[in-house]
>>> print(open('target.cif').read())   # mmCIF, N, CA and C atoms
data_model
loop_
_atom_site.label_atom_id
_atom_site.label_comp_id
_atom_site.auth_asym_id
_atom_site.auth_seq_id
_atom_site.Cartn_x
_atom_site.Cartn_y
_atom_site.Cartn_z
N MET A 62 14.35 -3.43 -8.80
CA MET A 62 13.14 -3.40 -8.00
C MET A 62 12.76 -1.95 -7.71
N ALA A 63 11.46 -1.68 -7.77
CA ALA A 63 10.94 -0.36 -7.43
C ALA A 63 10.22 -0.46 -6.09
N TYR A 64 10.02 0.69 -5.48
CA TYR A 64 9.37 0.75 -4.17
C TYR A 64 8.16 1.66 -4.23
N TRP A 65 7.17 1.33 -3.39
CA TRP A 65 5.88 2.01 -3.44
C TRP A 65 5.34 2.20 -2.03
N LEU A 66 4.29 2.98 -1.93
CA LEU A 66 3.52 3.10 -0.71
C LEU A 66 2.05 2.97 -1.11
N LEU A 67 1.36 2.04 -0.46
CA LEU A 67 -0.05 1.79 -0.74
C LEU A 67 -0.87 2.12 0.50
N LYS A 68 -1.85 2.98 0.33
CA LYS A 68 -2.67 3.43 1.45
C LYS A 68 -3.97 2.65 1.51
N SER A 69 -4.37 2.31 2.74
CA SER A 69 -5.67 1.69 2.95
C SER A 69 -6.22 2.17 4.28
N GLU A 70 -7.50 2.46 4.29
CA GLU A 70 -8.15 2.80 5.55
C GLU A 70 -8.36 1.50 6.31
N PRO A 71 -7.87 1.42 7.55
CA PRO A 71 -7.93 0.15 8.28
C PRO A 71 -9.34 -0.42 8.44
N PHE A 72 -10.36 0.44 8.53
CA PHE A 72 -11.71 -0.09 8.69
C PHE A 72 -12.22 -0.72 7.39
N LYS A 73 -11.60 -0.39 6.25
CA LYS A 73 -11.97 -1.00 4.98
C LYS A 73 -11.11 -2.23 4.68
N TYR A 74 -9.79 -2.08 4.85
CA TYR A 74 -8.88 -3.21 4.64
C TYR A 74 -7.60 -2.94 5.42
N SER A 75 -7.37 -3.72 6.45
CA SER A 75 -6.24 -3.49 7.35
C SER A 75 -5.07 -4.42 7.06
N TRP A 76 -3.94 -4.07 7.63
CA TRP A 76 -2.75 -4.92 7.57
C TRP A 76 -3.07 -6.30 8.15
N ASP A 77 -3.74 -6.33 9.30
CA ASP A 77 -4.06 -7.61 9.94
C ASP A 77 -4.92 -8.48 9.03
N ARG A 78 -5.85 -7.88 8.32
CA ARG A 78 -6.69 -8.66 7.39
C ARG A 78 -5.84 -9.22 6.25
N LEU A 79 -4.91 -8.42 5.72
CA LEU A 79 -4.04 -8.92 4.66
C LEU A 79 -3.21 -10.10 5.17
N VAL A 80 -2.67 -9.98 6.37
CA VAL A 80 -1.88 -11.08 6.94
C VAL A 80 -2.74 -12.34 7.08
N THR A 81 -3.96 -12.18 7.55
CA THR A 81 -4.87 -13.32 7.71
C THR A 81 -5.20 -13.96 6.36
N GLU A 82 -5.49 -13.13 5.37
CA GLU A 82 -5.87 -13.64 4.05
C GLU A 82 -4.68 -14.12 3.23
N GLY A 83 -3.50 -13.52 3.45
CA GLY A 83 -2.30 -13.96 2.77
C GLY A 83 -2.06 -13.38 1.39
N ARG A 84 -3.08 -12.76 0.81
CA ARG A 84 -2.96 -12.17 -0.52
C ARG A 84 -4.21 -11.34 -0.78
N THR A 85 -4.05 -10.25 -1.53
CA THR A 85 -5.21 -9.47 -1.93
C THR A 85 -4.94 -8.77 -3.24
N HIS A 86 -6.01 -8.34 -3.89
CA HIS A 86 -5.86 -7.48 -5.06
C HIS A 86 -6.06 -6.05 -4.58
N TRP A 87 -5.24 -5.16 -5.09
CA TRP A 87 -5.31 -3.74 -4.72
C TRP A 87 -6.22 -3.06 -5.73
N ASP A 88 -7.50 -3.03 -5.40
CA ASP A 88 -8.51 -2.55 -6.34
C ASP A 88 -9.12 -1.24 -5.86
N GLY A 89 -10.04 -0.71 -6.64
CA GLY A 89 -10.78 0.49 -6.26
C GLY A 89 -10.06 1.80 -6.51
N VAL A 90 -8.89 1.77 -7.09
CA VAL A 90 -8.13 3.00 -7.37
C VAL A 90 -8.76 3.68 -8.57
N ARG A 91 -9.19 4.95 -8.38
CA ARG A 91 -9.85 5.67 -9.46
C ARG A 91 -9.17 6.99 -9.79
N ASN A 92 -8.02 7.23 -9.24
CA ASN A 92 -7.22 8.41 -9.57
C ASN A 92 -6.24 8.00 -10.67
N HIS A 93 -6.16 8.80 -11.74
CA HIS A 93 -5.32 8.41 -12.88
C HIS A 93 -3.84 8.32 -12.53
N GLN A 94 -3.34 9.23 -11.69
CA GLN A 94 -1.92 9.17 -11.32
C GLN A 94 -1.64 7.93 -10.48
N ALA A 95 -2.51 7.63 -9.52
CA ALA A 95 -2.34 6.43 -8.71
C ALA A 95 -2.46 5.18 -9.58
N SER A 96 -3.37 5.21 -10.54
CA SER A 96 -3.54 4.09 -11.46
C SER A 96 -2.28 3.89 -12.31
N ASN A 97 -1.68 4.98 -12.75
CA ASN A 97 -0.43 4.87 -13.51
C ASN A 97 0.67 4.26 -12.65
N ASN A 98 0.66 4.56 -11.36
CA ASN A 98 1.64 3.94 -10.46
C ASN A 98 1.39 2.43 -10.36
N LEU A 99 0.13 2.02 -10.29
CA LEU A 99 -0.17 0.59 -10.30
C LEU A 99 0.33 -0.06 -11.60
N LYS A 100 0.12 0.62 -12.72
CA LYS A 100 0.56 0.09 -14.02
C LYS A 100 2.07 -0.09 -14.08
N ALA A 101 2.80 0.76 -13.35
CA ALA A 101 4.27 0.70 -13.36
C ALA A 101 4.83 -0.40 -12.46
N MET A 102 4.01 -0.95 -11.60
CA MET A 102 4.50 -1.98 -10.66
C MET A 102 4.84 -3.27 -11.40
N LYS A 103 5.91 -3.89 -10.95
CA LYS A 103 6.37 -5.16 -11.51
C LYS A 103 6.39 -6.23 -10.41
N THR A 104 6.26 -7.47 -10.82
CA THR A 104 6.35 -8.57 -9.87
C THR A 104 7.68 -8.48 -9.11
N GLY A 105 7.59 -8.59 -7.80
CA GLY A 105 8.79 -8.50 -6.97
C GLY A 105 9.01 -7.12 -6.36
N ASP A 106 8.33 -6.09 -6.89
CA ASP A 106 8.44 -4.77 -6.27
C ASP A 106 7.90 -4.84 -4.85
N ARG A 107 8.41 -3.98 -4.00
CA ARG A 107 7.98 -3.92 -2.61
C ARG A 107 7.25 -2.62 -2.34
N GLY A 108 6.36 -2.66 -1.36
CA GLY A 108 5.63 -1.46 -0.99
C GLY A 108 5.38 -1.40 0.50
N PHE A 109 5.28 -0.19 1.01
CA PHE A 109 4.86 -0.01 2.39
C PHE A 109 3.34 -0.08 2.43
N PHE A 110 2.80 -0.77 3.41
CA PHE A 110 1.36 -0.79 3.66
C PHE A 110 1.12 0.30 4.69
N TYR A 111 0.33 1.30 4.29
CA TYR A 111 0.12 2.49 5.11
C TYR A 111 -1.34 2.59 5.51
N HIS A 112 -1.58 2.69 6.82
CA HIS A 112 -2.94 2.90 7.30
C HIS A 112 -3.27 4.39 7.21
N SER A 113 -4.23 4.72 6.37
CA SER A 113 -4.63 6.12 6.22
C SER A 113 -5.87 6.40 7.06
N ASN A 114 -6.12 7.66 7.30
CA ASN A 114 -7.25 8.16 8.09
C ASN A 114 -7.18 7.75 9.56
N GLU A 115 -7.02 6.47 9.87
CA GLU A 115 -6.84 6.01 11.24
C GLU A 115 -5.40 5.54 11.37
N GLY A 116 -4.68 6.06 12.30
CA GLY A 116 -3.30 5.63 12.50
C GLY A 116 -2.30 6.49 11.78
N LEU A 117 -2.52 6.71 10.48
CA LEU A 117 -1.59 7.50 9.67
C LEU A 117 -0.16 7.03 9.86
N GLU A 118 0.07 5.74 9.52
CA GLU A 118 1.39 5.17 9.76
C GLU A 118 1.67 3.99 8.84
N VAL A 119 2.96 3.79 8.58
CA VAL A 119 3.44 2.61 7.86
C VAL A 119 3.42 1.46 8.86
N VAL A 120 2.72 0.37 8.48
CA VAL A 120 2.57 -0.75 9.41
C VAL A 120 3.14 -2.07 8.89
N GLY A 121 3.46 -2.13 7.60
CA GLY A 121 3.98 -3.38 7.05
C GLY A 121 4.58 -3.19 5.67
N VAL A 122 5.10 -4.30 5.15
CA VAL A 122 5.70 -4.33 3.81
C VAL A 122 4.99 -5.40 3.01
N VAL A 123 4.65 -5.05 1.76
CA VAL A 123 4.01 -5.98 0.84
C VAL A 123 4.91 -6.19 -0.37
N GLU A 124 4.61 -7.25 -1.11
CA GLU A 124 5.31 -7.51 -2.37
C GLU A 124 4.28 -7.72 -3.47
N VAL A 125 4.54 -7.17 -4.64
CA VAL A 125 3.67 -7.34 -5.80
C VAL A 125 3.89 -8.74 -6.35
N VAL A 126 2.78 -9.50 -6.49
CA VAL A 126 2.88 -10.86 -7.01
C VAL A 126 2.12 -11.05 -8.33
N LYS A 127 1.30 -10.05 -8.69
CA LYS A 127 0.63 -10.09 -10.00
C LYS A 127 0.55 -8.65 -10.50
N GLU A 128 1.03 -8.46 -11.72
CA GLU A 128 1.07 -7.12 -12.31
C GLU A 128 -0.32 -6.68 -12.76
N TYR A 129 -0.40 -5.43 -13.12
CA TYR A 129 -1.64 -4.72 -13.47
C TYR A 129 -2.55 -5.54 -14.38
N TYR A 130 -3.81 -5.61 -13.99
CA TYR A 130 -4.84 -6.25 -14.79
C TYR A 130 -6.18 -5.55 -14.52
N PRO A 131 -7.19 -5.75 -15.37
CA PRO A 131 -8.44 -4.99 -15.23
C PRO A 131 -9.12 -5.20 -13.88
N ASP A 132 -9.66 -4.10 -13.34
CA ASP A 132 -10.41 -4.13 -12.08
C ASP A 132 -11.88 -4.36 -12.44
N PRO A 133 -12.43 -5.52 -12.11
CA PRO A 133 -13.81 -5.81 -12.51
C PRO A 133 -14.85 -4.89 -11.84
N SER A 134 -14.45 -4.18 -10.78
CA SER A 134 -15.40 -3.27 -10.13
C SER A 134 -15.51 -1.93 -10.86
N ASP A 135 -14.68 -1.73 -11.91
CA ASP A 135 -14.70 -0.50 -12.68
C ASP A 135 -15.51 -0.70 -13.96
N GLY A 136 -16.71 -0.19 -13.97
CA GLY A 136 -17.58 -0.33 -15.13
C GLY A 136 -17.06 0.35 -16.39
N SER A 137 -16.20 1.36 -16.22
CA SER A 137 -15.69 2.09 -17.39
C SER A 137 -14.58 1.32 -18.11
N GLY A 138 -13.96 0.35 -17.42
CA GLY A 138 -12.87 -0.41 -18.01
C GLY A 138 -11.55 0.35 -18.09
N ARG A 139 -11.46 1.50 -17.43
CA ARG A 139 -10.24 2.32 -17.49
C ARG A 139 -9.24 2.01 -16.39
N PHE A 140 -9.68 1.35 -15.33
CA PHE A 140 -8.79 1.18 -14.18
C PHE A 140 -8.51 -0.29 -13.91
N GLY A 141 -7.37 -0.53 -13.26
CA GLY A 141 -6.97 -1.90 -12.97
C GLY A 141 -6.48 -2.06 -11.55
N MET A 142 -5.82 -3.17 -11.32
CA MET A 142 -5.34 -3.49 -9.98
C MET A 142 -4.12 -4.40 -10.08
N VAL A 143 -3.46 -4.59 -8.95
CA VAL A 143 -2.35 -5.53 -8.82
C VAL A 143 -2.65 -6.42 -7.62
N ASP A 144 -1.95 -7.54 -7.52
CA ASP A 144 -2.08 -8.40 -6.35
C ASP A 144 -0.82 -8.26 -5.50
N VAL A 145 -1.02 -8.25 -4.19
CA VAL A 145 0.10 -8.15 -3.25
C VAL A 145 -0.05 -9.20 -2.15
N VAL A 146 1.10 -9.54 -1.57
CA VAL A 146 1.14 -10.43 -0.40
C VAL A 146 1.91 -9.72 0.71
N PRO A 147 1.61 -10.07 1.96
CA PRO A 147 2.37 -9.47 3.05
C PRO A 147 3.77 -10.07 3.12
N VAL A 148 4.76 -9.24 3.39
CA VAL A 148 6.14 -9.70 3.54
C VAL A 148 6.50 -9.72 5.03
N MET A 149 6.26 -8.58 5.70
CA MET A 149 6.57 -8.50 7.12
C MET A 149 5.90 -7.27 7.72
N PRO A 150 5.58 -7.36 9.01
CA PRO A 150 5.14 -6.15 9.70
C PRO A 150 6.36 -5.32 10.06
N VAL A 151 6.14 -4.06 10.35
CA VAL A 151 7.24 -3.24 10.85
C VAL A 151 7.37 -3.51 12.35
N ARG A 152 8.58 -3.32 12.88
CA ARG A 152 8.76 -3.46 14.33
C ARG A 152 8.18 -2.25 15.06
N THR A 153 8.39 -1.09 14.44
CA THR A 153 7.89 0.17 14.99
C THR A 153 7.15 0.91 13.88
N PRO A 154 5.84 1.14 14.04
CA PRO A 154 5.12 1.90 13.02
C PRO A 154 5.77 3.28 12.82
N VAL A 155 5.80 3.71 11.57
CA VAL A 155 6.37 5.01 11.23
C VAL A 155 5.21 5.94 10.88
N THR A 156 5.04 6.96 11.70
CA THR A 156 3.89 7.85 11.55
C THR A 156 4.13 8.92 10.49
N LEU A 157 3.03 9.45 9.99
CA LEU A 157 3.10 10.56 9.06
C LEU A 157 3.78 11.75 9.74
N LYS A 158 3.51 11.94 10.99
CA LYS A 158 4.14 13.04 11.74
C LYS A 158 5.66 12.89 11.75
N GLN A 159 6.17 11.67 11.97
CA GLN A 159 7.61 11.41 11.93
C GLN A 159 8.17 11.71 10.54
N ILE A 160 7.46 11.24 9.53
CA ILE A 160 7.93 11.42 8.15
C ILE A 160 8.00 12.90 7.80
N LYS A 161 6.95 13.64 8.15
CA LYS A 161 6.94 15.08 7.86
C LYS A 161 8.02 15.84 8.61
N ALA A 162 8.37 15.35 9.80
CA ALA A 162 9.36 16.04 10.63
C ALA A 162 10.80 15.74 10.22
N ASP A 163 11.00 14.73 9.38
CA ASP A 163 12.34 14.31 9.00
C ASP A 163 12.75 15.00 7.69
N PRO A 164 13.76 15.87 7.72
CA PRO A 164 14.18 16.57 6.49
C PRO A 164 14.57 15.63 5.35
N GLU A 165 15.08 14.45 5.68
CA GLU A 165 15.46 13.49 4.64
C GLU A 165 14.25 12.92 3.91
N LEU A 166 13.06 13.04 4.51
CA LEU A 166 11.86 12.46 3.92
C LEU A 166 10.88 13.51 3.39
N SER A 167 11.27 14.76 3.44
CA SER A 167 10.35 15.85 3.07
C SER A 167 9.92 15.80 1.60
N ALA A 168 10.69 15.15 0.76
CA ALA A 168 10.33 15.07 -0.67
C ALA A 168 9.52 13.82 -1.02
N MET A 169 9.18 13.01 -0.03
CA MET A 169 8.38 11.81 -0.31
C MET A 169 7.04 12.21 -0.92
N ALA A 170 6.55 11.40 -1.86
CA ALA A 170 5.25 11.65 -2.47
C ALA A 170 4.15 11.66 -1.41
N LEU A 171 4.30 10.87 -0.36
CA LEU A 171 3.32 10.84 0.72
C LEU A 171 3.15 12.23 1.33
N VAL A 172 4.21 13.00 1.39
CA VAL A 172 4.18 14.35 1.94
C VAL A 172 3.73 15.36 0.87
N ARG A 173 4.30 15.24 -0.31
CA ARG A 173 4.02 16.20 -1.38
C ARG A 173 2.63 16.03 -2.00
N GLN A 174 2.17 14.79 -2.10
CA GLN A 174 0.87 14.49 -2.72
C GLN A 174 0.06 13.62 -1.76
N SER A 175 -0.33 14.22 -0.67
CA SER A 175 -0.88 13.47 0.46
C SER A 175 -2.17 12.72 0.14
N ARG A 176 -2.89 13.11 -0.89
CA ARG A 176 -4.15 12.43 -1.19
C ARG A 176 -3.98 11.25 -2.15
N LEU A 177 -2.78 11.05 -2.68
CA LEU A 177 -2.53 9.98 -3.63
C LEU A 177 -2.49 8.63 -2.90
N SER A 178 -3.30 7.67 -3.35
CA SER A 178 -3.42 6.40 -2.64
C SER A 178 -2.33 5.39 -2.97
N VAL A 179 -1.64 5.57 -4.08
CA VAL A 179 -0.53 4.70 -4.46
C VAL A 179 0.59 5.61 -4.93
N CYS A 180 1.72 5.59 -4.20
CA CYS A 180 2.81 6.53 -4.47
C CYS A 180 4.13 5.79 -4.67
N PRO A 181 5.00 6.33 -5.52
CA PRO A 181 6.35 5.79 -5.61
C PRO A 181 7.16 6.21 -4.38
N VAL A 182 8.15 5.39 -4.05
CA VAL A 182 9.07 5.68 -2.95
C VAL A 182 10.48 5.50 -3.49
N SER A 183 11.33 6.51 -3.34
CA SER A 183 12.71 6.38 -3.82
C SER A 183 13.46 5.36 -2.97
N GLU A 184 14.56 4.86 -3.50
CA GLU A 184 15.36 3.90 -2.75
C GLU A 184 15.89 4.50 -1.46
N ASP A 185 16.33 5.76 -1.50
CA ASP A 185 16.82 6.43 -0.28
C ASP A 185 15.72 6.55 0.76
N HIS A 186 14.53 6.94 0.32
CA HIS A 186 13.41 7.07 1.26
C HIS A 186 13.01 5.70 1.79
N TRP A 187 13.06 4.68 0.94
CA TRP A 187 12.74 3.32 1.38
C TRP A 187 13.68 2.90 2.52
N ARG A 188 14.97 3.10 2.30
CA ARG A 188 15.96 2.71 3.33
C ARG A 188 15.73 3.46 4.64
N LYS A 189 15.46 4.76 4.52
CA LYS A 189 15.27 5.59 5.71
C LYS A 189 14.03 5.14 6.49
N VAL A 190 12.91 4.92 5.81
CA VAL A 190 11.69 4.49 6.49
C VAL A 190 11.88 3.10 7.09
N CYS A 191 12.57 2.21 6.37
CA CYS A 191 12.86 0.88 6.93
C CYS A 191 13.68 1.00 8.21
N ALA A 192 14.66 1.89 8.21
CA ALA A 192 15.48 2.09 9.42
C ALA A 192 14.61 2.60 10.57
N LEU A 193 13.75 3.55 10.29
CA LEU A 193 12.86 4.07 11.34
C LEU A 193 11.90 2.97 11.83
N ALA A 194 11.53 2.07 10.94
CA ALA A 194 10.59 1.00 11.27
C ALA A 194 11.27 -0.18 11.94
N GLY A 195 12.60 -0.18 11.96
CA GLY A 195 13.34 -1.28 12.60
C GLY A 195 13.35 -2.56 11.79
N ILE A 196 13.28 -2.43 10.46
CA ILE A 196 13.27 -3.62 9.60
C ILE A 196 14.33 -3.52 8.53
N ASP A 197 14.64 -4.66 7.93
CA ASP A 197 15.55 -4.72 6.80
C ASP A 197 14.78 -5.37 5.67
N ALA A 198 14.13 -4.55 4.86
CA ALA A 198 13.28 -5.09 3.79
C ALA A 198 13.83 -4.62 2.47
#
>>> encode(input="target.cif", output="structure tokens")
Amino acid sequence: MAYWLLKSEPFKYSWDRLVTEGRTHWDGVRNHQASNNLKAMKTGDRGFFYHSNEGLEVVGVVEVVKEYYPDPSDGSGRFGMVDVVPVMPVRTPVTLKQIKADPELSAMALVRQSRLSVCPVSEDHWRKVCALAGIDA
């Protein structure tokens, strides 16, 4: 299993909306590196749901339930999407400020490539963020 971090602006698509809907497609990604990360996702992979711009925090865990397929909103046909479902909310949101302040997390893609909307997360970083969040995912 691989681990990821998926960013969404809460006013566009929030954790609460995903929980209410029960499933969504992660579409609209137009950065090639982020798109390659979507292509690398496999069914069963887990990801942190991160509220960007507002909150700047990890708020939940998602699971990939459908692998990369074409994004119909992309007229060029170059980009795709995956489907995810909510697994669990975090007990304690983990802020970007906390992540940046933790030496064990300084190499996270979220810190190094802050504008990337879909990032890989190492197993060590996954465990550390889960511990900070008060969850066992």
>>> select_by_dssp(input="target.cif", residues="stretch 66-172 of chain A", states="alpha helix (DSSP H)", output="PDB file with N, CA and C atoms, keeping the file's coordinate frame")
ATOM      1  N   TRP A  76      -3.940  -4.070   7.630  1.00  0.00           N
ATOM      2  CA  TRP A  76      -2.750  -4.920   7.570  1.00  0.00           C
ATOM      3  C   TRP A  76      -3.070  -6.300   8.150  1.00  0.00           C
ATOM      4  N   ASP A  77      -3.740  -6.330   9.300  1.00  0.00           N
ATOM      5  CA  ASP A  77      -4.060  -7.610   9.940  1.00  0.00           C
ATOM      6  C   ASP A  77      -4.920  -8.480   9.030  1.00  0.00           C
ATOM      7  N   ARG A  78      -5.850  -7.880   8.320  1.00  0.00           N
ATOM      8  CA  ARG A  78      -6.690  -8.660   7.390  1.00  0.00           C
ATOM      9  C   ARG A  78      -5.840  -9.220   6.250  1.00  0.00           C
ATOM     10  N   LEU A  79      -4.910  -8.420   5.720  1.00  0.00           N
ATOM     11  CA  LEU A  79      -4.040  -8.920   4.660  1.00  0.00           C
ATOM     12  C   LEU A  79      -3.210 -10.100   5.170  1.00  0.00           C
ATOM     13  N   VAL A  80      -2.670  -9.980   6.370  1.00  0.00           N
ATOM     14  CA  VAL A  80      -1.880 -11.080   6.940  1.00  0.00           C
ATOM     15  C   VAL A  80      -2.740 -12.340   7.080  1.00  0.00           C
ATOM     16  N   THR A  81      -3.960 -12.180   7.550  1.00  0.00           N
ATOM     17  CA  THR A  81      -4.870 -13.320   7.710  1.00  0.00           C
ATOM     18  C   THR A  81      -5.200 -13.960   6.360  1.00  0.00           C
ATOM     19  N   GLU A  82      -5.490 -13.130   5.370  1.00  0.00           N
ATOM     20  CA  GLU A  82      -5.870 -13.640   4.050  1.00  0.00           C
ATOM     21  C   GLU A  82      -4.680 -14.120   3.230  1.00  0.00           C
ATOM     22  N   HIS A  93      -6.160   8.800 -11.740  1.00  0.00           N
ATOM     23  CA  HIS A  93      -5.320   8.410 -12.880  1.00  0.00           C
ATOM     24  C   HIS A  93      -3.840   8.320 -12.530  1.00  0.00           C
ATOM     25  N   GLN A  94      -3.340   9.230 -11.690  1.00  0.00           N
ATOM     26  CA  GLN A  94      -1.920   9.170 -11.320  1.00  0.00           C
ATOM     27  C   GLN A  94      -1.640   7.930 -10.480  1.00  0.00           C
ATOM     28  N   ALA A  95      -2.510   7.630  -9.520  1.00  0.00           N
ATOM     29  CA  ALA A  95      -2.340   6.430  -8.710  1.00  0.00           C
ATOM     30  C   ALA A  95      -2.460   5.180  -9.580  1.00  0.00           C
ATOM     31  N   SER A  96      -3.370   5.210 -10.540  1.00  0.00           N
ATOM     32  CA  SER A  96      -3.540   4.090 -11.460  1.00  0.00           C
ATOM     33  C   SER A  96      -2.280   3.890 -12.310  1.00  0.00           C
ATOM     34  N   ASN A  97      -1.680   4.980 -12.750  1.00  0.00           N
ATOM     35  CA  ASN A  97      -0.430   4.870 -13.510  1.00  0.00           C
ATOM     36  C   ASN A  97       0.670   4.260 -12.650  1.00  0.00           C
ATOM     37  N   ASN A  98       0.660   4.560 -11.360  1.00  0.00           N
ATOM     38  CA  ASN A  98       1.640   3.940 -10.460  1.00  0.00           C
ATOM     39  C   ASN A  98       1.390   2.430 -10.360  1.00  0.00           C
ATOM     40  N   LEU A  99       0.130   2.020 -10.290  1.00  0.00           N
ATOM     41  CA  LEU A  99      -0.170   0.590 -10.300  1.00  0.00           C
ATOM     42  C   LEU A  99       0.330  -0.060 -11.600  1.00  0.00           C
ATOM     43  N   LYS A 100       0.120   0.620 -12.720  1.00  0.00           N
ATOM     44  CA  LYS A 100       0.560   0.090 -14.020  1.00  0.00           C
ATOM     45  C   LYS A 100       2.070  -0.090 -14.080  1.00  0.00           C
ATOM     46  N   ALA A 101       2.800   0.760 -13.350  1.00  0.00           N
ATOM     47  CA  ALA A 101       4.270   0.700 -13.360  1.00  0.00           C
ATOM     48  C   ALA A 101       4.830  -0.400 -12.460  1.00  0.00           C
ATOM     49  N   LEU A 157       3.030   9.450   9.990  1.00  0.00           N
ATOM     50  CA  LEU A 157       3.100  10.560   9.060  1.00  0.00           C
ATOM     51  C   LEU A 157       3.780  11.750   9.740  1.00  0.00           C
ATOM     52  N   LYS A 158       3.510  11.940  10.990  1.00  0.00           N
ATOM     53  CA  LYS A 158       4.140  13.040  11.740  1.00  0.00           C
ATOM     54  C   LYS A 158       5.660  12.890  11.750  1.00  0.00           C
ATOM     55  N   GLN A 159       6.170  11.670  11.970  1.00  0.00           N
ATOM     56  CA  GLN A 159       7.610  11.410  11.930  1.00  0.00           C
ATOM     57  C   GLN A 159       8.170  11.710  10.540  1.00  0.00           C
ATOM     58  N   ILE A 160       7.460  11.240   9.530  1.00  0.00           N
ATOM     59  CA  ILE A 160       7.930  11.420   8.150  1.00  0.00           C
ATOM     60  C   ILE A 160       8.000  12.900   7.800  1.00  0.00           C
ATOM     61  N   LYS A 161       6.950  13.640   8.150  1.00  0.00           N
ATOM     62  CA  LYS A 161       6.940  15.080   7.860  1.00  0.00           C
ATOM     63  C   LYS A 161       8.020  15.840   8.610  1.00  0.00           C
ATOM     64  N   ALA A 162       8.370  15.350   9.800  1.00  0.00           N
ATOM     65  CA  ALA A 162       9.360  16.040  10.630  1.00  0.00           C
ATOM     66  C   ALA A 162      10.800  15.740  10.220  1.00  0.00           C
ATOM     67  N   ALA A 170       6.550  11.400  -1.860  1.00  0.00           N
ATOM     68  CA  ALA A 170       5.250  11.650  -2.470  1.00  0.00           C
ATOM     69  C   ALA A 170       4.150  11.660  -1.410  1.00  0.00           C
ATOM     70  N   LEU A 171       4.300  10.870  -0.360  1.00  0.00           N
ATOM     71  CA  LEU A 171       3.320  10.840   0.720  1.00  0.00           C
ATOM     72  C   LEU A 171       3.150  12.230   1.330  1.00  0.00           C
ATOM     73  N   VAL A 172       4.210  13.000   1.390  1.00  0.00           N
ATOM     74  CA  VAL A 172       4.180  14.350   1.940  1.00  0.00           C
ATOM     75  C   VAL A 172       3.730  15.360   0.870  1.00  0.00           C
TER      76      VAL A 172
END
>>> resolve_selection(input="target.cif", expression="the PyMOL selection byres ((chain A and resi 127) around 6)", output="PDB file with N, CA and C atoms, keeping the file's coordinate frame")
ATOM      1  N   THR A 104       6.260  -7.470 -10.820  1.00  0.00           N
ATOM      2  CA  THR A 104       6.350  -8.570  -9.870  1.00  0.00           C
ATOM      3  C   THR A 104       7.680  -8.480  -9.110  1.00  0.00           C
ATOM      4  N   VAL A 125       4.540  -7.170  -4.640  1.00  0.00           N
ATOM      5  CA  VAL A 125       3.670  -7.340  -5.800  1.00  0.00           C
ATOM      6  C   VAL A 125       3.890  -8.740  -6.350  1.00  0.00           C
ATOM      7  N   VAL A 126       2.780  -9.500  -6.490  1.00  0.00           N
ATOM      8  CA  VAL A 126       2.880 -10.860  -7.010  1.00  0.00           C
ATOM      9  C   VAL A 126       2.120 -11.050  -8.330  1.00  0.00           C
ATOM     10  N   GLU A 128       1.030  -8.460 -11.720  1.00  0.00           N
ATOM     11  CA  GLU A 128       1.070  -7.120 -12.310  1.00  0.00           C
ATOM     12  C   GLU A 128      -0.320  -6.680 -12.760  1.00  0.00           C
ATOM     13  N   TYR A 129      -0.400  -5.430 -13.120  1.00  0.00           N
ATOM     14  CA  TYR A 129      -1.640  -4.720 -13.470  1.00  0.00           C
ATOM     15  C   TYR A 129      -2.550  -5.540 -14.380  1.00  0.00           C
ATOM     16  N   VAL A 143      -3.460  -4.590  -8.950  1.00  0.00           N
ATOM     17  CA  VAL A 143      -2.350  -5.530  -8.820  1.00  0.00           C
ATOM     18  C   VAL A 143      -2.650  -6.420  -7.620  1.00  0.00           C
ATOM     19  N   ASP A 144      -1.950  -7.540  -7.520  1.00  0.00           N
ATOM     20  CA  ASP A 144      -2.080  -8.400  -6.350  1.00  0.00           C
ATOM     21  C   ASP A 144      -0.820  -8.260  -5.500  1.00  0.00           C
ATOM     22  N   VAL A 145      -1.020  -8.250  -4.190  1.00  0.00           N
ATOM     23  CA  VAL A 145       0.100  -8.150  -3.250  1.00  0.00           C
ATOM     24  C   VAL A 145      -0.050  -9.200  -2.150  1.00  0.00           C
TER      25      VAL A 145
END
>>> residues_near_point(input="target.cif", point="(10.1, -2.7, 13.5)", cutoff="8 Å", atoms="only C-alpha atoms", output="list in words")
Pro150, Val151, Arg152, Thr153, Pro154, Cys191, Leu193, Ala194, Gly195 and Ile196 of chain A
>>> residues_around(input="target.cif", residues="A:Ala170", least_positions_apart="3", cutoff="12 Å", atoms="only C-alpha atoms", output="list in words")
Tyr64, Trp65, Leu66, Leu67, Gln94, Ala95, Asn98, Leu157, Ile160, Lys161, Leu166, Ser167, Arg173, Gln174, Ser175, Arg176, Leu177, Ser178, Val179, Cys180, Pro181, Val182, Ser183, His186 and Trp187 of chain A
>>> select_by_dssp(input="target.cif", residues="chain A", states="strand (DSSP E or B)", output="count of residues only")
49
>>> atom_distance(input="target.cif", atom1="atom C of A:Gly136", atom2="atom C of A:Ala63")
29.2 Å
>>> atom_distance(input="target.cif", atom1="atom CA of A:Arg84", atom2="atom CA of A:Lys100")
18.6 Å
>>> atom_distance(input="target.cif", atom1="atom CA of A:Leu99", atom2="atom CA of A:Tyr111")
15.5 Å
>>> closest_residue(input="target.cif", among="A:Pro133, A:Pro147, A:Gly108, A:Gly89", to="A:Lys73", atoms="only C-alpha atoms")
A:Gly89
>>> resolve_selection(input="target.cif", expression="the PyMOL selection byres ((chain A and resi 114) around 7)", output="PyMOL selection string")
chain A and resi 69-71+112-113+115-118
>>> closest_residue(input="target.cif", among="A:Phe140, A:Tyr130, A:Phe110, A:Tyr74", to="A:Asn92", atoms="all atoms listed in the file")
A:Phe140
>>> closest_residue(input="target.cif", among="A:Val148, A:Trp87, A:Ser137, A:Val80", to="A:Val123", atoms="only C-alpha atoms")
A:Val148
